[in-house]
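Structure record follows, encoded as structure tokens.
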2 protein chains.
Amino acid sequence: MPKFTVTFQPSGATVSVRKGVTIVEAATAAGLTVAAPCGGLGRCGKCVVQVRSGAGRPSAAEQRRFSAEELAEGYRLACQAGVTGECEVFVPETSLIHRHRIVSEGIGREIEIEPNVEKMVWHLSPPSKDDTRPDLQRLLDALDDDIVPVADPELLRDLPNTLRGSEFRVTSVVWDRTLLAVEPGDTTHDSYGAAVDIGTTTVVLYLCHLPTGEVVSVVSDLNPQAQYGDDVISRITVAMQQEGGLETLHRAICASIDELIGRAAEAAGVARAQIYELAVVGNTCMHHLFLGVSPQGLSAIPFTPAFQEGRNVRAAELGLSIHPGGMVYVVPNIGGFVGADTVGVIIASELDQPDAPRAAVDIGTNGEIVVARDSQLYACSTAAGPAFEGARIRQGMRAAAGAIDAVSIDGEVHYHVIGEAPPRGLCGSGLVDAVAGLVRAGVVTESGRLLGADELPPAAEKVKGRVVRNEGGLGFVLATAEETGAEPVTLTARDIRALQLAKGAIYAGITLLLDRLGLTPRDLECLLLAGAFGNYIRRESAIAIGLVPDLPDDRIRSVGNAAGLGARLVLSSRSLRRRAEEVSRRVEHVELSEQEGFYDRFAEAMALRPLPRSD
Amino acid sequence: MPKFTVTFQPSGATVSVRKGVTIVEAATAAGLTVAAPCGGLGRCGKCVVQVRSGAGRPSAAEQRRFSAEELAEGYRLACQAGVTGECEVFVPETSLIHRHRIVSEGIGREIEIEPNVEKMVWHLSPPSKDDTRPDLQRLLDALDDDIVPVADPELLRDLPNTLRGSEFRVTSVVWDRTLLAVEPGDTTHDSYGAAVDIGTTTVVLYLCHLPTGEVVSVVSDLNPQAQYGDDVISRITVAMQQEGGLETLHRAICASIDELIGRAAEAAGVARAQIYELAVVGNTCMHHLFLGVSPQGLSAIPFTPAFQEGRNVRAAELGLSIHPGGMVYVVPNIGGFVGADTVGVIIASELDQPDAPRAAVDIGTNGEIVVARDSQLYACSTAAGPAFEGARIRQGMRAAAGAIDAVSIDGEVHYHVIGEAPPRGLCGSGLVDAVAGLVRAGVVTESGRLLGADELPPAAEKVKGRVVRNEGGLGFVLATAEETGAEPVTLTARDIRALQLAKGAIYAGITLLLDRLGLTPRDLECLLLAGAFGNYIRRESAIAIGLVPDLPDDRIRSVGNAAGLGARLVLSSRSLRRRAEEVSRRVEHVELSEQEGFYDRFAEAMALRPLPRSD
């Protein structure tokens, strides 16, 4: 039987195949994966290619799909066209299955891109005497059987004009199994979505090109709700007790996200109407406030959220201006304050997959902890965070210009300041460094007491002058007035206590969850530090003060904004979205304050030394 | 085995049953049909009764459903409670299956009331340490498995407050399989819907109590689009050619319906928020304009609607103010101009059921015709109507005060005027009477020519003076200036021609459709006249001029606003709604102008004589 050479462009790959083999099969033999989700039935139209000679006659399915001009130009469905001679095939990018490495700082996943929004181009036959099907039916007959038109009539109001104005060549926009819109001509490339991470303090938005999964711009801003309180409890109080408080907080976050959408779209040169979907993560409280749902159930024991499951909401309902039919997928919650952000961390780090014992600690304004072994998962939250973001620390500040972000004390005090600026305050990583250094220098005891100048050990002689007594009690001057050009940057005894409370809760949480698995921190094969703070913290300091377990360096990994990465993943992959739903139901939420022995462990974990005790 | 007497209140029915028989079974034996759609599993909670002694201990299902106080007051599920002694049972109206006769003028159907909106009352257990299910889950666990919460977060925003503010006793509002709202306390009785018939000229709204199917108020108004043209073609022209025309027409009809909702609600003492669903019928053009959908496909052969299938739309999207989550069900179309109103006529008259040959003619501004035999259905529309509603007739008017609505000519001219008013014009039934009388008197020939005064036969001598020649041609004075106190009411030769065109199209349509079934008008077992006009027309006149086939009196029935009755039926019955969907697909639409021989028949049918020819 004769063999023919098929050359694929633009890659130039060639393959020799027998007569009659389809172009999809030839492409597979040449190492290209052409999309054919309908199984080669000629229905889905995903495998459009352009063939220069050497392919048989167009099938009925191809004649339905392409106009006479297009067939003349060699447009074919690769699943239908058989090789009948030497041939050259041009495979457009949109006909290939994309596997993309979706990466963030410190973590990445290679996934198959299968967004929830799919665009397909059609050449429909116009109505005739013998074919008076309604316009919508004409299009639905071309689409998969289970696709239903959107309920909102507005989106299909122009359908008769769109069809007749484009000579019946249109692009369908299908979200999930819903026909969302019909656009004139071929707009398949213009398809965007955004992943949004609503932190208690910071909101980050990633604008992504849906067909490829690539991030085209990233923008962020402070959560405007911060003016109503820096932690979730104060937000809940405002929502419940202030007249119109819930509505105010809800509108504030939606307006902020809408502004981020505008900035991201402008930066990438994308129109708002080309954005069809948002995937949103946040802790339970942020989730409720974003949706405008009363957080009353979160205000008192036993801390029950209003909703757990993921929700699809019209963007317009939330005042978000994207495509008029655009949707918002809000990732599901786990329970208590452990929300969609933690589901995102789990999906990004694959903690839900069978594997050795692992844990993830996401330190933001709230601290969330997940432990996992062999697909068994436990999660909890601690209200520990604000200390690390500067709140609750007298001269605390975020990691911005003027923040002391690294400190070492070897007799003298050395520090590093962010930006070309005199020191103004202390951010989270600087705080951890400073306390670790002071413990090592003997200025602070393991129990957290800042010694008076007269109690200092001889080795601390050189820093003796830095111990001062202010109106608030004892303090340690990290940067003098001379260095700052203004007031000195001083760490107070109260600041040290705040750090102890925060890190004690986190560490106690880790050990209590590990208890459920019958494990101790030493059994962890891997500890993931998520959140911006996880990227900046110096591990030796974090270990020295017992903020994280004392594990070998290669078993601790910083994974950056894993919650945001999780949002990007569920935006890009329907199967990961299903996994997120499943994860949210499977993870067992543990309410720390209800656990027997929590307060004992908490007290023990407040000690400023490596934990578990290295003896 | 001992037998016990069970007495049911308020009916007083008694029955003697063996020990252990459930109250549902006892009720059935006593001739009452207690609702138990869950099949007696204790899940649906439809069969709530109050029992005075003589029933066993509450089951687990009953304990979940009722509070301790309620159990103490004897509240039970009739499917769970077994008879253990003499007992008296109070059966609330809401626990009975309602079969209601839904009637309109001239037609009625007894159906099982099963509206698409169902309310159920629940007593949920509050969260506890051992039960931290999210609020929504708590409710969904009580509801049927396949019920999903509404996507719009607004409707469930207050769920945490509603539950906690009502001690977890709430009423769920389920539309189709969607949880639409949760209301504090027991609101099961407060559940309303509206059936709307959008005519080209008149809009009618029936406000119905959903649990019983009863109409609580009826209101109507002129379709405000009438100012943009009296027939569908002129509306389509405005929608397509005037800047913002479609939006204007869309807003006008929605605003009008919203006002009717307000009037109907006020008349019945119902709050708008207690109305959860609308069911809407209208011809294809009215349907498109109501939804704001471009009628471009209806503007030219082959007349293709944008949508066929029924649609569920949020009332808020259309600017209709009912319950914030309220829905609008728009009944499906058939094809061309034959729309949801005709589906309504078919459902109301059961033309879709296997039976002898029947036909329905709905004469409104458009005239729609359906013929049926043994579930085979054909339908067409004619643009015939305006003549019967007064348009296209020089002194035509609607059937209002001052309209001549009946005419007889026996040498002298006799007429009847609506209301205590001098004659001002001529409505449809008067027009048909007048022309029939003039033909009988020999003043108008069978071919439709109004004879000159000098051509009149001797028998018409007395009315000779009434034949006048005006600027527009010949005319016949029905009411003299003396009688009107103003200008005379004159029927013109042109008016007679307009009537001929209209009735010719209708009659030709009937025969052409019957052709498809291999039948002639004489084979019709029943001819239904729908529309207000069908109620007022004098049959002998309609037969005399060949507007309707010459059939014995008992085979012609006036059925009033059958389209509106159809809307009421689909509002009250899910199974009839499914049937409407099926009917819309099954009826074959025939485009008259495309039919071979249509114009011959049309010309023939214009003759002013009984048809088919009685020879």
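Order determines the names: the first chain of the structure tokens is A, the second B, and so forth; residues in each chain are numbered 1 upward, and ligands are numbered 1 upward as they are shown.
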
Find the residues of chain B in contact range of chain A, meaning any atom within 6 Å when counting only C-alpha atoms, and list them as a list in words.
->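 Every residue meeting the condition is included here: Lys129, Thr132, Pro134, Asp135, Leu136, Ala151, Asp152, Arg157, Asp158, Pro160, Val293, Ser294, Gln296, Gly297, Pro302, Thr304, Pro305, Ala306, Phe307 and Val313 of chain B.
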
Write the residues of the selection above to a file with N, CA and C atoms, as a PDB file, in the first residue's frame.
ATOM      1  N   LYS B 129     -22.218  22.314  68.347  1.00  0.00           N
ATOM      2  CA  LYS B 129     -20.830  21.845  68.277  1.00  0.00           C
ATOM      3  C   LYS B 129     -20.681  20.668  67.328  1.00  0.00           C
ATOM      4  N   THR B 132     -22.024  21.525  62.475  1.00  0.00           N
ATOM      5  CA  THR B 132     -21.633  22.862  62.011  1.00  0.00           C
ATOM      6  C   THR B 132     -21.886  22.999  60.514  1.00  0.00           C
ATOM      7  N   PRO B 134     -23.042  24.289  57.039  1.00  0.00           N
ATOM      8  CA  PRO B 134     -23.371  25.662  56.615  1.00  0.00           C
ATOM      9  C   PRO B 134     -24.892  25.822  56.563  1.00  0.00           C
ATOM     10  N   ASP B 135     -25.357  27.058  56.701  1.00  0.00           N
ATOM     11  CA  ASP B 135     -26.791  27.334  56.767  1.00  0.00           C
ATOM     12  C   ASP B 135     -27.538  26.758  55.561  1.00  0.00           C
ATOM     13  N   LEU B 136     -26.979  27.006  54.394  1.00  0.00           N
ATOM     14  CA  LEU B 136     -27.672  26.571  53.188  1.00  0.00           C
ATOM     15  C   LEU B 136     -27.758  25.050  53.135  1.00  0.00           C
ATOM     16  N   ALA B 151     -28.766  30.923  41.704  1.00  0.00           N
ATOM     17  CA  ALA B 151     -27.403  31.424  41.481  1.00  0.00           C
ATOM     18  C   ALA B 151     -27.225  32.840  42.050  1.00  0.00           C
ATOM     19  N   ASP B 152     -28.266  33.624  41.953  1.00  0.00           N
ATOM     20  CA  ASP B 152     -28.155  35.012  42.407  1.00  0.00           C
ATOM     21  C   ASP B 152     -27.938  35.063  43.920  1.00  0.00           C
ATOM     22  N   ARG B 157     -28.791  36.151  50.630  1.00  0.00           N
ATOM     23  CA  ARG B 157     -27.874  36.956  51.446  1.00  0.00           C
ATOM     24  C   ARG B 157     -28.289  37.009  52.903  1.00  0.00           C
ATOM     25  N   ASP B 158     -29.603  37.001  53.112  1.00  0.00           N
ATOM     26  CA  ASP B 158     -30.098  37.146  54.474  1.00  0.00           C
ATOM     27  C   ASP B 158     -30.324  35.810  55.146  1.00  0.00           C
ATOM     28  N   PRO B 160     -28.561  33.639  56.787  1.00  0.00           N
ATOM     29  CA  PRO B 160     -28.137  33.480  58.195  1.00  0.00           C
ATOM     30  C   PRO B 160     -29.065  34.245  59.151  1.00  0.00           C
ATOM     31  N   VAL B 293     -36.288  40.983  21.937  1.00  0.00           N
ATOM     32  CA  VAL B 293     -35.499  40.265  20.931  1.00  0.00           C
ATOM     33  C   VAL B 293     -35.817  40.826  19.546  1.00  0.00           C
ATOM     34  N   SER B 294     -34.780  41.007  18.753  1.00  0.00           N
ATOM     35  CA  SER B 294     -34.972  41.567  17.417  1.00  0.00           C
ATOM     36  C   SER B 294     -35.918  40.711  16.588  1.00  0.00           C
ATOM     37  N   GLN B 296     -36.090  40.717  13.436  1.00  0.00           N
ATOM     38  CA  GLN B 296     -35.611  40.814  12.051  1.00  0.00           C
ATOM     39  C   GLN B 296     -35.974  39.577  11.221  1.00  0.00           C
ATOM     40  N   GLY B 297     -35.860  38.402  11.833  1.00  0.00           N
ATOM     41  CA  GLY B 297     -36.174  37.168  11.110  1.00  0.00           C
ATOM     42  C   GLY B 297     -37.640  37.081  10.687  1.00  0.00           C
ATOM     43  N   PRO B 302     -38.205  33.664   4.762  1.00  0.00           N
ATOM     44  CA  PRO B 302     -39.251  32.720   5.184  1.00  0.00           C
ATOM     45  C   PRO B 302     -39.738  32.889   6.631  1.00  0.00           C
ATOM     46  N   THR B 304     -38.659  33.553  10.003  1.00  0.00           N
ATOM     47  CA  THR B 304     -38.137  32.675  11.051  1.00  0.00           C
ATOM     48  C   THR B 304     -38.043  33.428  12.364  1.00  0.00           C
ATOM     49  N   PRO B 305     -38.675  32.890  13.428  1.00  0.00           N
ATOM     50  CA  PRO B 305     -38.530  33.508  14.747  1.00  0.00           C
ATOM     51  C   PRO B 305     -37.094  33.325  15.256  1.00  0.00           C
ATOM     52  N   ALA B 306     -36.714  34.155  16.219  1.00  0.00           N
ATOM     53  CA  ALA B 306     -35.390  33.991  16.836  1.00  0.00           C
ATOM     54  C   ALA B 306     -35.384  32.753  17.731  1.00  0.00           C
ATOM     55  N   PHE B 307     -36.450  32.551  18.489  1.00  0.00           N
ATOM     56  CA  PHE B 307     -36.527  31.400  19.396  1.00  0.00           C
ATOM     57  C   PHE B 307     -37.840  30.673  19.184  1.00  0.00           C
ATOM     58  N   VAL B 313     -37.258  33.455  32.333  1.00  0.00           N
ATOM     59  CA  VAL B 313     -36.489  34.687  32.423  1.00  0.00           C
ATOM     60  C   VAL B 313     -36.758  35.296  33.783  1.00  0.00           C
TER      61      VAL B 313
END

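The least-squares superposition of chain B onto chain A, using every Cα atom in order, ends with an RMSD of 0.1 Å.
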
Just the residues within 12 Å of Val443 of chain B, please, counting only C-alpha atoms, with nothing from its chain fewer than 4 positions along; format it as an MDAnalysis selection string.
-> chainID B and resid 409:411 434:439 447:467 474:477 491 493 496

Assign secondary structure with DSSP using the backbone only, and return the residues of segment 288-513 of chain B in strand (DSSP E) as a PyMOL selection string.
-> chain B and resi 311-314+327-330+358-363+367-373+376-382+403-410+412-417+425-426+467-470+473-479+489-492

Go ahead and save the picked residues with C-alpha atoms, as a PDB file, in the first residue's frame.
ATOM      1  CA  ARG B 311     -38.036  30.467  28.112  1.00  0.00           C
ATOM      2  CA  ASN B 312     -37.647  31.155  31.795  1.00  0.00           C
ATOM      3  CA  VAL B 313     -36.489  34.687  32.423  1.00  0.00           C
ATOM      4  CA  ARG B 314     -36.000  36.575  35.658  1.00  0.00           C
ATOM      5  CA  MET B 327     -39.507  34.240  37.183  1.00  0.00           C
ATOM      6  CA  VAL B 328     -41.344  34.683  33.917  1.00  0.00           C
ATOM      7  CA  TYR B 329     -42.186  31.642  31.840  1.00  0.00           C
ATOM      8  CA  VAL B 330     -42.700  32.617  28.224  1.00  0.00           C
ATOM      9  CA  ARG B 358     -61.483  19.823  15.001  1.00  0.00           C
ATOM     10  CA  ALA B 359     -60.373  23.359  14.286  1.00  0.00           C
ATOM     11  CA  ALA B 360     -59.846  26.514  16.286  1.00  0.00           C
ATOM     12  CA  VAL B 361     -59.897  30.032  14.904  1.00  0.00           C
ATOM     13  CA  ASP B 362     -58.499  32.747  17.179  1.00  0.00           C
ATOM     14  CA  ILE B 363     -59.559  36.071  15.746  1.00  0.00           C
ATOM     15  CA  GLY B 367     -56.014  35.545  12.975  1.00  0.00           C
ATOM     16  CA  GLU B 368     -54.547  32.187  13.906  1.00  0.00           C
ATOM     17  CA  ILE B 369     -55.983  28.898  12.760  1.00  0.00           C
ATOM     18  CA  VAL B 370     -55.297  25.386  14.033  1.00  0.00           C
ATOM     19  CA  VAL B 371     -56.688  22.148  12.653  1.00  0.00           C
ATOM     20  CA  ALA B 372     -56.246  18.816  14.374  1.00  0.00           C
ATOM     21  CA  ARG B 373     -57.091  15.183  13.980  1.00  0.00           C
ATOM     22  CA  GLN B 376     -51.828  15.638  14.082  1.00  0.00           C
ATOM     23  CA  LEU B 377     -51.817  19.435  14.105  1.00  0.00           C
ATOM     24  CA  TYR B 378     -51.348  22.188  11.541  1.00  0.00           C
ATOM     25  CA  ALA B 379     -51.413  25.910  12.207  1.00  0.00           C
ATOM     26  CA  CYS B 380     -51.192  29.116  10.211  1.00  0.00           C
ATOM     27  CA  SER B 381     -51.686  32.806  10.757  1.00  0.00           C
ATOM     28  CA  THR B 382     -53.322  35.470   8.650  1.00  0.00           C
ATOM     29  CA  ALA B 403     -70.211  50.965  18.933  1.00  0.00           C
ATOM     30  CA  ILE B 404     -72.932  49.420  16.787  1.00  0.00           C
ATOM     31  CA  ASP B 405     -72.442  45.753  17.696  1.00  0.00           C
ATOM     32  CA  ALA B 406     -75.476  44.172  16.043  1.00  0.00           C
ATOM     33  CA  VAL B 407     -77.324  45.022  12.846  1.00  0.00           C
ATOM     34  CA  SER B 408     -80.308  43.483  11.087  1.00  0.00           C
ATOM     35  CA  ILE B 409     -81.874  44.638   7.856  1.00  0.00           C
ATOM     36  CA  ASP B 410     -85.426  43.553   7.035  1.00  0.00           C
ATOM     37  CA  GLU B 412     -85.619  48.745   7.515  1.00  0.00           C
ATOM     38  CA  VAL B 413     -82.244  48.957   9.282  1.00  0.00           C
ATOM     39  CA  HIS B 414     -82.183  47.972  12.972  1.00  0.00           C
ATOM     40  CA  TYR B 415     -79.096  48.144  15.127  1.00  0.00           C
ATOM     41  CA  HIS B 416     -77.918  47.858  18.703  1.00  0.00           C
ATOM     42  CA  VAL B 417     -75.444  50.221  20.317  1.00  0.00           C
ATOM     43  CA  GLY B 425     -69.030  53.690  14.852  1.00  0.00           C
ATOM     44  CA  LEU B 426     -69.056  50.019  14.099  1.00  0.00           C
ATOM     45  CA  VAL B 467     -76.861  54.499  -0.342  1.00  0.00           C
ATOM     46  CA  VAL B 468     -74.691  57.597  -0.660  1.00  0.00           C
ATOM     47  CA  ARG B 469     -71.677  58.628  -2.659  1.00  0.00           C
ATOM     48  CA  ASN B 470     -68.926  60.348  -0.723  1.00  0.00           C
ATOM     49  CA  GLY B 473     -66.862  56.214  -3.264  1.00  0.00           C
ATOM     50  CA  LEU B 474     -70.148  54.524  -2.434  1.00  0.00           C
ATOM     51  CA  GLY B 475     -71.332  54.026   1.143  1.00  0.00           C
ATOM     52  CA  PHE B 476     -74.334  52.755   3.088  1.00  0.00           C
ATOM     53  CA  VAL B 477     -75.636  54.806   5.992  1.00  0.00           C
ATOM     54  CA  LEU B 478     -76.282  52.566   8.995  1.00  0.00           C
ATOM     55  CA  ALA B 479     -77.121  55.356  11.423  1.00  0.00           C
ATOM     56  CA  VAL B 489     -72.231  56.011  10.641  1.00  0.00           C
ATOM     57  CA  THR B 490     -71.603  54.836   7.125  1.00  0.00           C
ATOM     58  CA  LEU B 491     -70.259  51.502   5.858  1.00  0.00           C
ATOM     59  CA  THR B 492     -68.152  52.090   2.742  1.00  0.00           C
TER      60      THR B 492
END

Which residues, written as a PyMOL selection string, have at least one atom at most 12 Å from Phe602 of chain B, with only C-alpha atoms counted and residues fewer than 4 positions away on the same chain left out?
-> chain B and resi 382+384+500-512+546-547+592-593+595-598+606-607

Contacts of Trp122 of chain B at 7 Å (only C-alpha atoms; same-chain gap of 5+ positions) as number ranges by chain | B: 65, 169-171

Using atom CA of Glu86 of chain B and atom CA of Val6 of chain B as the two end points, give the distance in Å to one decimal.
-> 6.0 Å

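As for atom CA of Ala481 of chain A and atom CA of Arg394 of chain A, they are spaced 16.1 Å apart.
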
Could you give me the residues within segment 173-332 of chain B that DSSP places in alpha helix (DSSP H), as a PyMOL selection string?
-> chain B and resi 232-241+245-268+284-291

Selection from above, N, CA and C atoms, as a compact mmCIF listing (two decimals), in the first residue's frame, can you write it?
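Result file again-v8.txt:
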# COMPACT_ATOMS: atom_id res chain seq x y z
N VAL B 232 -48.91 43.67 13.48
CA VAL B 232 -47.55 43.20 13.80
C VAL B 232 -46.53 43.72 12.80
N ILE B 233 -46.94 43.87 11.54
CA ILE B 233 -45.96 44.31 10.53
C ILE B 233 -45.46 45.72 10.84
N SER B 234 -46.40 46.60 11.26
CA SER B 234 -45.94 47.97 11.54
C SER B 234 -45.06 47.98 12.79
N ARG B 235 -45.33 47.09 13.76
CA ARG B 235 -44.47 47.03 14.96
C ARG B 235 -43.05 46.57 14.56
N ILE B 236 -43.00 45.57 13.69
CA ILE B 236 -41.68 45.07 13.26
C ILE B 236 -40.91 46.17 12.54
N THR B 237 -41.62 46.92 11.74
CA THR B 237 -40.97 48.00 11.00
C THR B 237 -40.38 49.03 11.96
N VAL B 238 -41.18 49.39 12.97
CA VAL B 238 -40.67 50.35 13.97
C VAL B 238 -39.44 49.77 14.68
N ALA B 239 -39.53 48.50 15.07
CA ALA B 239 -38.43 47.88 15.82
C ALA B 239 -37.15 47.87 15.00
N MET B 240 -37.28 47.68 13.69
CA MET B 240 -36.09 47.53 12.87
C MET B 240 -35.58 48.84 12.31
N GLN B 241 -36.50 49.75 12.03
CA GLN B 241 -36.04 50.93 11.28
C GLN B 241 -35.90 52.18 12.11
N GLY B 245 -35.98 51.77 18.32
CA GLY B 245 -37.38 51.34 18.21
C GLY B 245 -37.67 50.07 18.98
N LEU B 246 -36.78 49.09 18.86
CA LEU B 246 -36.99 47.81 19.54
C LEU B 246 -37.06 48.03 21.06
N GLU B 247 -36.11 48.79 21.56
CA GLU B 247 -36.04 49.07 23.00
C GLU B 247 -37.33 49.80 23.45
N THR B 248 -37.78 50.74 22.65
CA THR B 248 -38.99 51.49 22.99
C THR B 248 -40.21 50.56 23.10
N LEU B 249 -40.38 49.70 22.10
CA LEU B 249 -41.52 48.79 22.10
C LEU B 249 -41.42 47.80 23.26
N HIS B 250 -40.20 47.31 23.49
CA HIS B 250 -39.94 46.37 24.58
C HIS B 250 -40.29 46.99 25.93
N ARG B 251 -39.77 48.20 26.14
CA ARG B 251 -40.03 48.88 27.43
C ARG B 251 -41.50 49.17 27.61
N ALA B 252 -42.17 49.57 26.52
CA ALA B 252 -43.58 49.94 26.61
C ALA B 252 -44.42 48.76 27.10
N ILE B 253 -44.21 47.58 26.52
CA ILE B 253 -45.06 46.45 26.90
C ILE B 253 -44.70 45.98 28.32
N CYS B 254 -43.41 46.02 28.66
CA CYS B 254 -43.03 45.59 30.01
C CYS B 254 -43.60 46.55 31.06
N ALA B 255 -43.54 47.84 30.76
CA ALA B 255 -44.08 48.82 31.71
C ALA B 255 -45.58 48.62 31.87
N SER B 256 -46.25 48.32 30.79
CA SER B 256 -47.70 48.13 30.84
C SER B 256 -48.03 46.90 31.70
N ILE B 257 -47.28 45.82 31.50
CA ILE B 257 -47.54 44.61 32.29
C ILE B 257 -47.22 44.88 33.76
N ASP B 258 -46.15 45.63 34.00
CA ASP B 258 -45.81 45.94 35.39
C ASP B 258 -46.93 46.73 36.06
N GLU B 259 -47.54 47.62 35.31
CA GLU B 259 -48.64 48.40 35.87
C GLU B 259 -49.85 47.49 36.13
N LEU B 260 -50.10 46.56 35.21
CA LEU B 260 -51.22 45.61 35.41
C LEU B 260 -50.97 44.75 36.65
N ILE B 261 -49.72 44.36 36.86
CA ILE B 261 -49.40 43.58 38.06
C ILE B 261 -49.78 44.37 39.30
N GLY B 262 -49.40 45.66 39.30
CA GLY B 262 -49.70 46.52 40.45
C GLY B 262 -51.21 46.63 40.68
N ARG B 263 -51.97 46.83 39.58
CA ARG B 263 -53.42 46.97 39.72
C ARG B 263 -54.05 45.68 40.21
N ALA B 264 -53.61 44.55 39.64
CA ALA B 264 -54.20 43.26 40.03
C ALA B 264 -53.87 42.95 41.49
N ALA B 265 -52.62 43.24 41.89
CA ALA B 265 -52.20 42.95 43.26
C ALA B 265 -53.01 43.80 44.23
N GLU B 266 -53.16 45.08 43.89
CA GLU B 266 -53.90 45.98 44.77
C GLU B 266 -55.36 45.53 44.90
N ALA B 267 -55.96 45.17 43.76
CA ALA B 267 -57.36 44.74 43.78
C ALA B 267 -57.56 43.51 44.67
N ALA B 268 -56.55 42.64 44.70
CA ALA B 268 -56.71 41.39 45.44
C ALA B 268 -56.09 41.48 46.84
N THR B 284 -45.86 35.47 17.92
CA THR B 284 -44.40 35.49 17.85
C THR B 284 -43.84 36.91 17.95
N CYS B 285 -44.48 37.83 17.28
CA CYS B 285 -43.98 39.20 17.30
C CYS B 285 -44.10 39.79 18.70
N MET B 286 -45.26 39.61 19.35
CA MET B 286 -45.44 40.13 20.72
C MET B 286 -44.43 39.48 21.66
N HIS B 287 -44.20 38.20 21.45
CA HIS B 287 -43.24 37.43 22.24
C HIS B 287 -41.83 38.03 22.11
N HIS B 288 -41.41 38.30 20.88
CA HIS B 288 -40.07 38.87 20.67
C HIS B 288 -39.96 40.26 21.30
N LEU B 289 -40.98 41.07 21.06
CA LEU B 289 -40.90 42.45 21.57
C LEU B 289 -40.95 42.45 23.10
N PHE B 290 -41.72 41.55 23.68
CA PHE B 290 -41.78 41.46 25.15
C PHE B 290 -40.39 41.12 25.70
N LEU B 291 -39.70 40.21 25.04
CA LEU B 291 -38.36 39.83 25.50
C LEU B 291 -37.28 40.79 25.01

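The list of residues with at least one atom within 9 Å of Val345 of chain B, based on only C-alpha atoms and without residues fewer than 5 positions apart in the same chain, reads B:Ala340, B:Glu350, B:Leu351, B:Ala360, B:Asp362, B:Val370, B:Ala530, B:Asn561, B:Ala562, B:Ala563, B:Gly564, B:Leu565, B:Gly566, B:Ala567.
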
Surrounding residues of Arg539 of chain A excluding itself and chain neighbours under 5 positions, 9 Å, only C-alpha atoms, as JSON, numbers by chain | {"A": [534, 544, 548, 553, 556]}

Same residues, C-alpha atoms, output as a tab-separated table (two decimals), in the first residue's frame:
chain	number	residue	atom	x	y	z
A	534	GLY	CA	6.25	32.85	53.33
A	544	ALA	CA	14.61	29.65	65.86
A	548	VAL	CA	7.45	26.73	61.96
A	553	ASP	CA	15.93	23.07	54.92
A	556	ILE	CA	10.44	23.58	53.84

Could you check how far atom CA of Thr14 of chain A sits from atom CA of Ala36 of chain A, in Å to one decimal?
->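 Between these atoms lies a distance of 20.2 Å.
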